[in-house]
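**Q** Below is target-v9.txt; it holds compact mmCIF, C-alpha atoms.
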```txt
# COMPACT_ATOMS: atom_id res chain seq x y z
CA MET Q 203 142.54 -83.63 281.39
CA MET Q 204 144.70 -81.51 283.75
CA ARG Q 205 144.17 -78.49 281.50
CA LEU Q 206 140.38 -78.97 281.65
CA VAL Q 207 140.28 -79.48 285.40
CA TYR Q 208 142.47 -76.43 285.99
CA SER Q 209 140.23 -74.30 283.70
CA LEU Q 210 137.10 -75.38 285.58
CA LEU Q 211 138.78 -74.61 288.89
CA TRP Q 212 139.33 -71.02 287.79
CA LEU Q 213 135.60 -70.57 287.23
CA PHE Q 214 135.24 -70.87 291.00
CA VAL Q 215 138.48 -69.16 291.97
CA ALA Q 216 138.11 -65.96 289.90
CA PRO Q 217 135.22 -64.43 291.95
CA LEU Q 218 137.05 -65.27 295.18
CA ALA Q 219 140.19 -63.62 293.81
CA VAL Q 220 138.28 -60.39 293.21
CA LEU Q 221 136.87 -60.50 296.74
CA ARG Q 222 140.38 -61.01 298.07
CA LEU Q 223 141.57 -57.94 296.14
CA ALA Q 224 138.76 -55.91 297.66
CA TRP Q 225 139.62 -57.17 301.14
CA ARG Q 226 143.32 -56.36 300.76
CA SER Q 227 142.54 -52.95 299.29
CA ARG Q 228 141.19 -51.80 302.66
CA LYS Q 229 144.81 -51.32 303.73
CA GLN Q 230 146.44 -51.09 300.29
CA PRO Q 231 144.13 -49.34 297.80
CA GLY Q 232 146.56 -50.18 294.99
CA TYR Q 233 145.11 -53.68 294.78
CA LEU Q 234 142.04 -52.25 293.01
CA GLU Q 235 143.94 -50.02 290.60
CA ASN Q 236 143.92 -51.07 286.93
CA ILE Q 237 141.85 -54.09 287.92
CA ALA Q 238 140.99 -54.89 284.30
CA GLU Q 239 144.63 -55.88 283.78
CA ARG Q 240 144.09 -58.74 286.22
CA PHE Q 241 141.81 -60.22 283.57
CA GLY Q 242 144.00 -59.45 280.56
CA ARG Q 243 142.48 -56.10 279.57
CA TYR Q 244 145.23 -53.61 278.73
CA GLY Q 245 145.36 -50.22 277.01
CA ALA Q 246 144.86 -49.91 273.27
CA GLY Q 247 147.84 -50.23 270.96
CA ARG Q 248 151.38 -51.46 271.48
CA ALA Q 249 154.84 -50.46 270.29
CA ALA Q 250 156.46 -52.20 267.34
CA GLU Q 251 159.65 -53.14 269.21
CA PRO Q 252 160.07 -56.75 270.33
CA VAL Q 253 159.03 -57.20 273.96
CA LEU Q 254 161.13 -58.89 276.62
CA TRP Q 255 158.78 -59.71 279.47
CA ILE Q 256 160.04 -60.07 283.06
CA HIS Q 257 157.72 -61.07 285.90
CA ALA Q 258 158.61 -59.97 289.44
CA VAL Q 259 155.75 -60.77 291.78
CA SER Q 260 156.56 -58.30 294.58
CA VAL Q 261 159.26 -56.11 296.15
CA GLY Q 262 162.03 -58.67 296.66
CA GLU Q 263 161.77 -60.08 293.16
CA THR Q 264 161.63 -56.58 291.64
CA ARG Q 265 164.81 -55.54 293.39
CA ALA Q 266 166.47 -58.80 292.38
CA ALA Q 267 165.48 -58.08 288.77
CA ALA Q 268 167.11 -54.63 288.73
CA PRO Q 269 170.70 -55.66 287.83
CA LEU Q 270 169.38 -58.21 285.34
CA VAL Q 271 167.20 -55.58 283.63
CA ALA Q 272 170.22 -53.27 283.36
CA GLU Q 273 172.34 -56.05 281.85
CA LEU Q 274 169.67 -57.12 279.37
CA ARG Q 275 168.97 -53.53 278.35
CA ALA Q 276 172.67 -53.04 277.60
CA ARG Q 277 172.77 -56.25 275.55
CA HIS Q 278 169.48 -55.61 273.71
CA PRO Q 279 168.91 -51.86 273.38
CA GLY Q 280 166.24 -52.36 270.72
CA ARG Q 281 163.92 -54.34 272.94
CA ARG Q 282 161.10 -52.94 274.99
CA ILE Q 283 160.99 -54.36 278.53
CA LEU Q 284 157.68 -55.22 280.17
CA LEU Q 285 157.72 -55.73 283.94
CA THR Q 286 154.71 -57.46 285.49
CA HIS Q 287 153.78 -57.70 289.16
CA MET Q 288 151.10 -59.09 291.46
CA THR Q 289 151.33 -56.66 294.43
CA PRO Q 290 151.05 -52.85 294.68
CA THR Q 291 154.34 -52.68 296.59
CA GLY Q 292 156.07 -54.58 293.80
CA ARG Q 293 154.62 -52.25 291.19
CA ALA Q 294 155.58 -49.16 293.21
CA THR Q 295 159.11 -50.52 293.60
CA GLY Q 296 159.32 -51.05 289.85
CA ARG Q 297 158.30 -47.43 289.29
CA GLU Q 298 160.85 -46.23 291.84
CA ILE Q 299 163.75 -48.23 290.37
CA PHE Q 300 163.05 -48.03 286.65
CA GLY Q 301 160.90 -44.93 286.20
CA GLU Q 302 159.51 -44.85 282.67
CA THR Q 303 162.33 -46.90 281.14
CA VAL Q 304 160.20 -50.06 281.40
CA GLU Q 305 156.50 -50.69 280.93
CA ARG Q 306 154.57 -51.98 283.95
CA ALA Q 307 151.40 -54.06 284.18
CA TRP Q 308 149.65 -56.59 286.38
CA LEU Q 309 150.19 -60.18 285.42
CA PRO Q 310 146.68 -61.53 284.77
CA TYR Q 311 145.09 -64.27 286.78
CA ASP Q 312 145.90 -67.73 285.47
CA ALA Q 313 142.59 -68.22 283.68
CA GLY Q 314 142.86 -69.21 280.03
CA PHE Q 315 140.98 -66.21 278.58
CA ALA Q 316 143.02 -63.72 280.66
CA VAL Q 317 146.37 -65.31 279.80
CA ARG Q 318 145.53 -65.37 276.09
CA ARG Q 319 144.59 -61.69 276.15
CA PHE Q 320 147.89 -60.86 277.87
CA LEU Q 321 149.95 -62.74 275.29
CA ASP Q 322 147.89 -61.36 272.39
CA HIS Q 323 148.38 -57.80 273.58
CA TYR Q 324 152.11 -57.80 274.35
CA ARG Q 325 153.29 -60.64 272.08
CA PRO Q 326 156.53 -61.12 274.05
CA THR Q 327 159.45 -62.82 272.35
CA MET Q 328 160.55 -64.30 275.68
CA GLY Q 329 159.42 -64.39 279.30
CA ILE Q 330 161.62 -64.41 282.40
CA VAL Q 331 160.00 -65.25 285.73
CA MET Q 332 161.96 -64.30 288.83
CA GLU Q 333 162.49 -66.83 291.63
CA THR Q 334 159.44 -69.06 292.26
CA GLU Q 335 156.31 -67.74 290.58
CA ILE Q 336 154.78 -70.70 288.70
CA TRP Q 337 151.48 -70.23 286.82
CA PRO Q 338 150.55 -73.44 284.93
CA ARG Q 339 148.11 -72.03 282.36
CA LEU Q 340 150.36 -69.08 281.53
CA LEU Q 341 153.28 -71.43 280.89
CA ASP Q 342 151.08 -73.75 278.84
CA GLU Q 343 149.74 -70.99 276.59
CA ALA Q 344 153.22 -69.51 276.12
CA ALA Q 345 154.64 -72.92 275.15
CA ARG Q 346 151.81 -73.43 272.63
CA ARG Q 347 152.79 -70.15 270.97
CA GLY Q 348 156.48 -70.96 270.96
CA ILE Q 349 157.32 -68.25 273.50
CA PRO Q 350 160.14 -69.51 275.73
CA VAL Q 351 159.58 -68.74 279.42
CA LEU Q 352 162.55 -69.11 281.75
CA LEU Q 353 162.67 -69.27 285.53
CA ALA Q 354 165.58 -67.08 286.63
CA ASN Q 355 167.26 -66.84 290.03
CA GLY Q 356 165.10 -69.81 290.96
CA ARG Q 357 164.78 -70.85 294.56
CA MET Q 358 162.83 -73.77 295.96
CA SER Q 359 162.90 -74.57 299.65
CA GLU Q 360 162.23 -78.12 300.82
CA ARG Q 361 159.02 -76.89 302.41
CA SER Q 362 157.81 -75.39 299.12
CA ALA Q 363 158.85 -78.49 297.17
CA ARG Q 364 156.73 -80.68 299.43
CA ARG Q 365 153.72 -78.42 298.84
CA TYR Q 366 154.16 -78.68 295.08
CA GLU Q 367 154.44 -82.47 295.40
CA ARG Q 368 150.92 -82.61 296.80
CA VAL Q 369 149.63 -81.90 293.26
CA PRO Q 370 152.15 -83.81 291.13
CA SER Q 371 150.22 -83.73 287.84
CA LEU Q 372 149.69 -79.97 288.02
CA THR Q 373 153.29 -79.35 289.04
CA ARG Q 374 154.81 -81.49 286.29
CA TRP Q 375 152.51 -79.90 283.72
CA ALA Q 376 153.75 -76.45 284.76
CA MET Q 377 157.43 -77.35 285.11
CA GLY Q 378 157.42 -79.19 281.80
CA ASN Q 379 156.40 -75.99 279.98
CA LEU Q 380 159.34 -73.99 281.29
CA ALA Q 381 162.02 -73.53 278.64
CA GLY Q 382 164.72 -73.52 281.31
CA VAL Q 383 165.39 -73.10 285.02
CA ALA Q 384 168.40 -71.19 286.39
CA ALA Q 385 168.59 -72.07 290.08
CA GLN Q 386 170.45 -70.23 292.79
CA THR Q 387 172.04 -73.30 294.41
CA ASP Q 388 172.63 -77.01 293.86
CA ASP Q 389 169.89 -77.84 296.36
CA ASP Q 390 167.41 -75.59 294.53
CA ALA Q 391 168.30 -77.24 291.22
CA LYS Q 392 167.79 -80.74 292.64
CA ARG Q 393 164.34 -79.80 293.97
CA PHE Q 394 163.29 -78.27 290.65
CA ALA Q 395 164.44 -81.44 288.86
CA ARG Q 396 162.50 -83.53 291.36
CA LEU Q 397 159.37 -81.55 290.50
CA GLY Q 398 159.74 -82.08 286.76
CA ALA Q 399 161.93 -79.23 285.50
CA ARG Q 400 164.18 -80.23 282.61
CA GLU Q 401 167.91 -80.04 283.34
CA PRO Q 402 167.97 -77.02 285.69
CA VAL Q 403 171.31 -75.22 285.86
CA VAL Q 404 172.98 -73.44 288.78
CA MET Q 405 173.77 -69.74 288.24
CA GLY Q 406 174.07 -68.32 291.75
CA ASN Q 407 171.99 -65.59 293.33
CA VAL Q 408 171.67 -62.27 291.45
CA LYS Q 409 170.95 -60.49 294.72
CA PHE Q 410 174.68 -60.60 295.42
CA ASP Q 411 175.10 -58.27 292.42
CA VAL Q 412 173.25 -55.51 294.25
CA GLU Q 413 174.66 -52.07 293.56
CA VAL Q 414 174.46 -49.53 296.37
CA PRO Q 415 173.43 -46.26 294.70
CA ALA Q 416 175.10 -43.06 295.83
CA SER Q 417 171.60 -41.71 296.52
CA MET Q 418 171.06 -44.43 299.14
CA LEU Q 419 174.35 -43.63 300.86
CA GLU Q 420 173.42 -39.94 300.85
CA LEU Q 421 170.03 -40.77 302.33
CA ALA Q 422 171.74 -42.96 304.95
CA ALA Q 423 173.93 -40.01 305.92
CA GLN Q 424 170.83 -37.85 306.28
CA LEU Q 425 169.15 -40.46 308.46
CA ARG Q 426 172.27 -40.78 310.56
CA ALA Q 427 172.38 -37.03 311.00
CA ARG Q 428 168.83 -37.18 312.36
CA ILE Q 429 169.80 -40.01 314.70
CA GLY Q 430 173.06 -38.50 315.88
CA LYS Q 431 175.65 -40.57 317.69
CA ARG Q 432 173.15 -42.90 319.34
CA PRO Q 433 173.78 -46.66 318.97
CA THR Q 434 171.25 -47.81 316.37
CA TRP Q 435 169.77 -51.27 315.90
CA LEU Q 436 167.68 -52.00 312.84
CA ALA Q 437 164.89 -54.58 312.76
CA ALA Q 438 164.59 -54.89 308.97
CA SER Q 439 161.57 -56.15 307.00
CA THR Q 440 159.68 -57.40 310.05
CA ARG Q 441 156.57 -59.51 309.56
CA GLU Q 442 153.34 -59.71 311.51
CA GLY Q 443 153.95 -60.81 315.10
CA GLU Q 444 157.67 -60.08 315.02
CA GLU Q 445 157.46 -56.41 315.98
CA ALA Q 446 155.82 -57.34 319.28
CA LEU Q 447 158.48 -59.97 320.03
CA LEU Q 448 161.37 -57.68 319.18
CA LEU Q 449 159.95 -54.71 321.09
CA GLU Q 450 159.40 -56.83 324.18
CA ALA Q 451 162.93 -58.18 323.94
CA PHE Q 452 164.27 -54.65 323.46
CA VAL Q 453 162.53 -53.49 326.64
CA GLN Q 454 163.90 -56.44 328.61
CA CYS Q 455 167.49 -56.54 327.31
CA GLY Q 456 168.75 -53.70 329.46
CA ALA Q 457 169.98 -51.48 326.62
CA ALA Q 458 171.12 -48.00 327.58
CA PRO Q 459 168.49 -45.26 327.19
CA ASP Q 460 170.31 -43.77 324.19
CA VAL Q 461 170.03 -46.97 322.08
CA LEU Q 462 167.58 -46.44 319.23
CA LEU Q 463 165.63 -49.35 317.74
CA VAL Q 464 164.58 -48.73 314.14
CA ILE Q 465 161.69 -50.95 313.03
CA VAL Q 466 160.91 -51.18 309.32
CA PRO Q 467 157.90 -53.46 308.71
CA ARG Q 468 157.96 -55.47 305.50
CA HIS Q 469 154.49 -54.29 304.46
CA PRO Q 470 153.29 -50.67 304.59
CA GLN Q 471 149.96 -51.60 306.16
CA ARG Q 472 151.92 -52.48 309.31
CA PHE Q 473 153.58 -49.06 309.75
CA ASP Q 474 150.85 -47.75 312.07
CA GLU Q 475 150.69 -51.05 313.94
CA GLY Q 476 154.44 -50.93 314.61
CA ALA Q 477 154.13 -47.43 316.08
CA LYS Q 478 151.18 -48.48 318.26
CA LEU Q 479 153.01 -51.54 319.57
CA ALA Q 480 156.00 -49.43 320.60
CA SER Q 481 153.81 -46.80 322.29
CA SER Q 482 151.88 -49.47 324.18
CA ARG Q 483 155.15 -50.52 325.82
CA GLY Q 484 155.85 -47.03 327.06
CA LEU Q 485 158.52 -46.36 324.45
CA GLY Q 486 158.81 -42.95 322.86
CA VAL Q 487 158.20 -43.24 319.11
CA ALA Q 488 159.33 -41.19 316.13
CA ARG Q 489 158.52 -41.85 312.48
CA ARG Q 490 160.63 -41.55 309.37
CA SER Q 491 157.83 -39.69 307.60
CA GLU Q 492 157.95 -36.87 310.14
CA GLY Q 493 161.19 -35.71 308.55
CA SER Q 494 162.43 -33.87 311.64
CA GLY Q 495 165.06 -34.58 314.25
CA ILE Q 496 164.52 -37.59 316.49
CA PRO Q 497 163.79 -36.53 320.09
CA ALA Q 498 166.14 -37.87 322.74
CA GLU Q 499 163.20 -39.50 324.51
CA ALA Q 500 162.29 -41.53 321.43
CA ARG Q 501 163.51 -45.11 321.85
CA VAL Q 502 161.95 -46.39 318.62
CA LEU Q 503 161.99 -45.03 315.07
CA VAL Q 504 159.40 -46.54 312.73
CA GLY Q 505 160.68 -46.65 309.17
CA ASP Q 506 157.36 -45.87 307.48
CA SER Q 507 158.73 -45.51 303.96
CA MET Q 508 159.22 -47.77 300.97
CA GLY Q 509 162.32 -48.34 298.87
CA GLU Q 510 164.83 -47.16 301.45
CA MET Q 511 166.02 -50.40 303.02
CA LEU Q 512 169.62 -49.97 301.83
CA ALA Q 513 169.68 -46.55 303.48
CA TYR Q 514 168.25 -47.91 306.73
CA CYS Q 515 170.88 -50.65 306.76
CA ALA Q 516 173.74 -48.24 306.05
CA ALA Q 517 172.53 -45.89 308.79
CA ALA Q 518 172.39 -48.66 311.43
CA ASP Q 519 175.14 -50.21 313.54
CA VAL Q 520 173.56 -53.69 313.71
CA VAL Q 521 170.82 -55.29 311.58
CA ALA Q 522 168.38 -57.93 312.87
CA MET Q 523 166.72 -59.52 309.84
CA GLY Q 524 162.95 -59.80 309.95
CA GLY Q 525 161.00 -62.80 308.78
CA SER Q 526 163.43 -65.05 310.62
CA PHE Q 527 162.04 -64.85 314.17
CA LEU Q 528 158.73 -66.52 313.30
CA GLU Q 529 158.10 -69.14 310.62
CA TYR Q 530 158.27 -66.84 307.61
CA GLY Q 531 161.53 -68.13 306.13
CA GLY Q 532 163.52 -64.93 306.52
CA GLN Q 533 164.04 -61.85 304.37
CA ASN Q 534 167.00 -60.79 302.24
CA LEU Q 535 170.12 -60.27 304.38
CA ILE Q 536 172.40 -59.57 301.40
CA GLU Q 537 171.61 -55.83 301.28
CA ALA Q 538 172.69 -55.39 304.89
CA CYS Q 539 175.91 -57.30 304.18
CA ALA Q 540 176.52 -55.23 301.03
CA VAL Q 541 176.73 -52.02 303.06
CA GLY Q 542 179.05 -53.68 305.57
CA ARG Q 543 176.77 -54.19 308.55
CA PRO Q 544 176.79 -57.18 310.92
CA VAL Q 545 173.59 -59.17 310.65
CA ILE Q 546 171.59 -61.17 313.19
CA VAL Q 547 169.19 -63.84 311.92
CA GLY Q 548 166.70 -65.98 313.77
CA PRO Q 549 165.98 -69.68 313.31
CA SER Q 550 163.68 -69.43 310.25
CA THR Q 551 165.70 -68.69 307.10
CA TYR Q 552 164.52 -71.34 304.62
CA ASN Q 553 163.83 -68.72 301.92
CA PHE Q 554 167.46 -67.56 302.07
CA GLU Q 555 169.07 -70.64 303.61
CA GLU Q 556 172.19 -70.72 301.45
CA ALA Q 557 172.88 -67.00 301.91
CA ALA Q 558 172.19 -67.14 305.65
CA ARG Q 559 174.37 -70.21 306.14
CA GLY Q 560 177.16 -68.66 304.09
CA ALA Q 561 177.00 -65.36 305.95
CA VAL Q 562 177.21 -67.11 309.33
CA LYS Q 563 180.14 -69.25 308.14
CA ALA Q 564 181.92 -66.15 306.82
CA GLY Q 565 181.60 -64.41 310.18
CA ALA Q 566 179.28 -61.78 308.70
CA ALA Q 567 176.16 -62.88 310.59
CA LEU Q 568 175.08 -64.45 313.86
CA ARG Q 569 172.26 -66.97 314.15
CA VAL Q 570 170.18 -66.80 317.32
CA ALA Q 571 167.27 -68.82 318.68
CA ASP Q 572 164.72 -66.04 319.16
CA ALA Q 573 164.04 -62.30 319.46
CA ARG Q 574 165.37 -62.19 323.02
CA GLU Q 575 168.74 -63.58 321.93
CA ALA Q 576 168.75 -61.18 318.97
CA MET Q 577 168.52 -58.15 321.24
CA GLN Q 578 171.18 -59.60 323.54
CA ALA Q 579 173.45 -60.13 320.55
CA ALA Q 580 172.88 -56.53 319.41
CA LEU Q 581 173.71 -55.36 322.91
CA ALA Q 582 176.96 -57.36 322.92
CA LEU Q 583 177.98 -56.00 319.50
CA THR Q 584 177.25 -52.46 320.65
CA ALA Q 585 179.62 -52.98 323.57
CA ASP Q 586 182.36 -54.37 321.27
CA PRO Q 587 183.03 -51.91 318.41
CA ALA Q 588 186.07 -53.87 317.18
CA ARG Q 589 184.05 -57.06 316.71
CA ARG Q 590 181.22 -55.13 315.10
CA GLU Q 591 183.55 -53.52 312.58
CA GLU Q 592 185.24 -56.85 311.84
CA MET Q 593 181.85 -58.45 311.12
CA GLY Q 594 180.99 -55.53 308.87
CA ARG Q 595 184.17 -56.02 306.83
CA LYS Q 596 183.48 -59.73 306.54
CA ALA Q 597 179.91 -58.98 305.45
CA ALA Q 598 181.08 -56.75 302.58
CA GLY Q 599 183.68 -59.35 301.59
CA PHE Q 600 181.07 -62.12 301.66
CA VAL Q 601 178.93 -60.25 299.11
CA ALA Q 602 181.92 -59.37 296.92
CA ARG Q 603 182.97 -63.03 296.65
CA HIS Q 604 179.56 -64.09 295.36
CA ARG Q 605 179.08 -61.48 292.64
CA GLY Q 606 178.81 -62.43 288.98
CA ALA Q 607 175.47 -64.24 288.77
CA VAL Q 608 173.89 -61.51 286.61
CA THR Q 609 176.46 -61.88 283.81
CA ARG Q 610 176.16 -65.67 283.86
CA LEU Q 611 172.38 -65.46 283.86
CA ALA Q 612 172.23 -62.95 280.99
CA GLU Q 613 174.50 -65.15 278.86
CA TRP Q 614 172.29 -68.16 279.61
CA ILE Q 615 169.18 -66.17 278.68
CA ASP Q 616 170.74 -65.08 275.40
CA ALA Q 617 171.56 -68.70 274.62
CA LYS Q 618 167.94 -69.69 275.28
CA ALA Q 619 166.40 -66.76 273.39
CA ALA Q 620 164.27 -67.31 270.36
CA PRO Q 621 164.96 -65.05 267.35
CA ALA Q 622 163.32 -61.65 267.91
```
Can you dump the structure from the file as structure tokens?

**A**
Amino acid sequence: MMRLVYSLLWLFVAPLAVLRLAWRSRKQPGYLENIAERFGRYGAGRAAEPVLWIHAVSVGETRAAAPLVAELRARHPGRRILLTHMTPTGRATGREIFGETVERAWLPYDAGFAVRRFLDHYRPTMGIVMETEIWPRLLDEAARRGIPVLLANGRMSERSARRYERVPSLTRWAMGNLAGVAAQTDDDAKRFARLGAREPVVMGNVKFDVEVPASMLELAAQLRARIGKRPTWLAASTREGEEALLLEAFVQCGAAPDVLLVIVPRHPQRFDEGAKLASSRGLGVARRSEGSGIPAEARVLVGDSMGEMLAYCAAADVVAMGGSFLEYGGQNLIEACAVGRPVIVGPSTYNFEEAARGAVKAGAALRVADAREAMQAALALTADPARREEMGRKAAGFVARHRGAVTRLAEWIDAKAAPA
């Protein structure tokens, strides 16, 4: 009955989904590229090699998948890797990280005909879904064909768990078709079990296995050369509404005129908005894309580029983590810690609660109540180089102590794998 109801629901949802793509394409044209793939229509022909399919919905999941892809490629050199996404930024990040070493496609909408076409075309031997992307019909069709689909690096906040519990039959149908769940933490595992997942295991967070490429450090040095010796605060991966709060707090905190605030919005459609918000407050603005030196009168640098967050973090003195100053649940603070930078987080970190709590406990991060306190904390750290450097060392040590999840996860995947 649930399968029938869900199928009928998609008859109404599919046209709305196309309209939503069209709406979002006004700012990100990539949403309308290869649109046939959204309905399971892919190019003719396929390679003979067995396919290992990994789904990474957007940017964060794609970056989290990078060390896992490298590990699985080393273990299974004969397998072709398919990486699916749902957002243009995720797909662009996949291209940037992996080049042509993996195949990329949109994951189709969760309508039965589209899912069947996807599985018929690629015939994956196994699927690995990163973090929290649960599509009931996809999991059902895969299970019917004997294709094990695993949830890897799984995270489930209490807020998300309560939302899933509003549709218990649908949730248990989906969770019951997962061949395994590898959760980041004990709390995540307990929530997955509560929702119907079978015996979830705890593997840690693969984001701690981030490698800082030499190219990112070189780019950071170039950025720093543009900035000069000015104290630099980074507002990383900011979400809608946060830029205004942080800019206002920056104006009011009494920072010296040479302090530079670098704002890197999470989504590229907000790059222009970030620049406008800074200008409207009488702040001189420069942009990363201009590629020239940063004028002394510029108080704000807008990081209007994708795929360079590690470089922005390494070029900064202090990092304030976006997504945490309004109710967005926070963004990934591990990258900033990995390059040895002190981190400031706001009150909303439920998407990265374990990492945020651990970083604060380790002395690598400070938790503040709002944007105003964040700018005051950055000001205090700027005035205390010894404390700033100590926090940076603790941040790097915090990441080092939590490495190893990728190896554990790859071994678990191999144990769950069906014969190729």

**Q** If we count all atoms listed in the file and set the cut-off at 9 Å, which residues sit around segment 384-392 of chain Q, ignoring sequence neighbours fewer than 2 positions away in its own chain? Please answer as a PyMOL selection string.

**A** chain Q and resi 333+352-360+382+394-397+399+401-408+556+607+611+614

**Q** Fewer than 5 positions away in the same chain doesn't count, so skip those; otherwise give me all residues within 9 Å of Lys478 of chain Q, counting only C-alpha atoms, as a short mmCIF file (atom, residue, chain, number, x, y, z; two decimals) with C-alpha atoms, keeping the file's coordinate frame.

**A**
```cif
data_model
loop_
_atom_site.label_atom_id
_atom_site.label_comp_id
_atom_site.auth_asym_id
_atom_site.auth_seq_id
_atom_site.Cartn_x
_atom_site.Cartn_y
_atom_site.Cartn_z
CA PHE Q 473 153.58 -49.06 309.75
CA ARG Q 483 155.15 -50.52 325.82
CA VAL Q 487 158.20 -43.24 319.11
#
```

**Q** List as a PyMOL selection string: which residues have an atom within 12 Å of (143.1, -65.8, 274.3), counting only C-alpha atoms?

**A** chain Q and resi 241-243+310+312-323+325+339-340+343-344+346-347

**Q** Which one is closest to Leu449 of chain Q: Q:Val351, Q:Leu206, Q:Ala576, Q:Val331? Count all atoms listed in the file.

**A**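 Of the candidates, the smallest distance to Leu449 of chain Q is held by Q:Ala576.
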
**Q** What does the structure give for the distance between atom CA of Ala451 of chain Q and atom CA of Gln424 of chain Q, in Å to one decimal?

**A**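 Between atom CA of Ala451 of chain Q and atom CA of Gln424 of chain Q the gap works out to 28.1 Å.
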
**Q** Looking at all atoms listed in the file, which of Q:Ala363, Q:Leu581, Q:Arg441, Q:Ala588 is the one that sits closest to Tyr552 of chain Q?

**A**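 Looking only at the distances to Tyr552 of chain Q, the closest residue turns out to be Q:Ala363.
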
**Q** Between Q:Val259, Q:Ile496, Q:Ala294, Q:Val207, which has the minimum distance to Arg428 of chain Q (counting all atoms listed in the file)?

**A**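 Counting all atoms listed in the file, the residue closest to Arg428 of chain Q is Q:Ile496.
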
**Q** Go through Q:Ile283, Q:Leu479, Q:Ala238, Q:Ala276 and flag the residue nearest Glu442 of chain Q, using all atoms listed in the file for the distances.

**A**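 Closest residue, counting all atoms listed in the file: Q:Leu479.
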
**Q** Could you pull the residues within 10 Å of Phe452 of chain Q, counting only C-alpha atoms, minus those fewer than 3 positions along the same chain, as a ChimeraX atom specification?

**A** /Q:435,446-449,455-457,461-463,501-502,573-574,576-578,580-581

**Q** Compare Q:Glu413, Q:Glu420, Q:Glu302, Q:Asp519 by their minimum atom-to-atom distance to Ala540 of chain Q, counting only C-alpha atoms, and give me the closest one.

**A**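 Residue with the minimum atom-to-atom distance to Ala540 of chain Q: Q:Glu413.
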
**Q** From the list Q:His278, Q:Arg472, Q:Arg589, Q:Lys229, which residue is nearest Ala619 of chain Q when using only C-alpha atoms?

**A**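 Once distances to Ala619 of chain Q are computed over only C-alpha atoms, the minimum belongs to Q:His278.
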
**Q** What is the distance between atom CA of Gly524 of chain Q and atom CA of Met418 of chain Q, in Å to one decimal?

**A**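 Spanning atom CA of Gly524 of chain Q to atom CA of Met418 of chain Q is a straight-line distance of 20.5 Å.
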
**Q** What separation in Å, quoted to one decimal, exists between atom CA of Ala571 of chain Q and atom CA of Val547 of chain Q?

**A**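 Taking atom CA of Ala571 of chain Q and atom CA of Val547 of chain Q, their separation equals 8.6 Å.
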
**Q** Could you list, as an mmCIF file with C-alpha atoms, in the frame of the given file, every residue within 9 Å of segment 267-272 of chain Q, counting all atoms listed in the file and ignoring same-chain residues fewer than 2 positions away?

**A**
```cif
data_model
loop_
_atom_site.group_PDB
_atom_site.id
_atom_site.type_symbol
_atom_site.label_atom_id
_atom_site.label_comp_id
_atom_site.auth_asym_id
_atom_site.auth_seq_id
_atom_site.Cartn_x
_atom_site.Cartn_y
_atom_site.Cartn_z
ATOM 1 C CA ILE Q 256 160.040 -60.070 283.060
ATOM 2 C CA HIS Q 257 157.720 -61.070 285.900
ATOM 3 C CA ALA Q 258 158.610 -59.970 289.440
ATOM 4 C CA GLY Q 262 162.030 -58.670 296.660
ATOM 5 C CA GLU Q 263 161.770 -60.080 293.160
ATOM 6 C CA THR Q 264 161.630 -56.580 291.640
ATOM 7 C CA ARG Q 265 164.810 -55.540 293.390
ATOM 8 C CA LEU Q 274 169.670 -57.120 279.370
ATOM 9 C CA ARG Q 275 168.970 -53.530 278.350
ATOM 10 C CA ALA Q 276 172.670 -53.040 277.600
ATOM 11 C CA ARG Q 277 172.770 -56.250 275.550
ATOM 12 C CA ILE Q 283 160.990 -54.360 278.530
ATOM 13 C CA GLY Q 296 159.320 -51.050 289.850
ATOM 14 C CA ILE Q 299 163.750 -48.230 290.370
ATOM 15 C CA PHE Q 300 163.050 -48.030 286.650
ATOM 16 C CA MET Q 332 161.960 -64.300 288.830
ATOM 17 C CA VAL Q 408 171.670 -62.270 291.450
ATOM 18 C CA LYS Q 409 170.950 -60.490 294.720
ATOM 19 C CA ASP Q 411 175.100 -58.270 292.420
ATOM 20 C CA VAL Q 412 173.250 -55.510 294.250
ATOM 21 C CA GLU Q 413 174.660 -52.070 293.560
ATOM 22 C CA VAL Q 608 173.890 -61.510 286.610
ATOM 23 C CA THR Q 609 176.460 -61.880 283.810
ATOM 24 C CA LEU Q 611 172.380 -65.460 283.860
ATOM 25 C CA ALA Q 612 172.230 -62.950 280.990
#
```

**Q** Tell me, as a ChimeraX atom specification, which residues lie within 7 Å of Leu309 of chain Q, counting only C-alpha atoms; anything in the same chain fewer than 2 positions away does not count.

**A** /Q:240,286-288,307,311
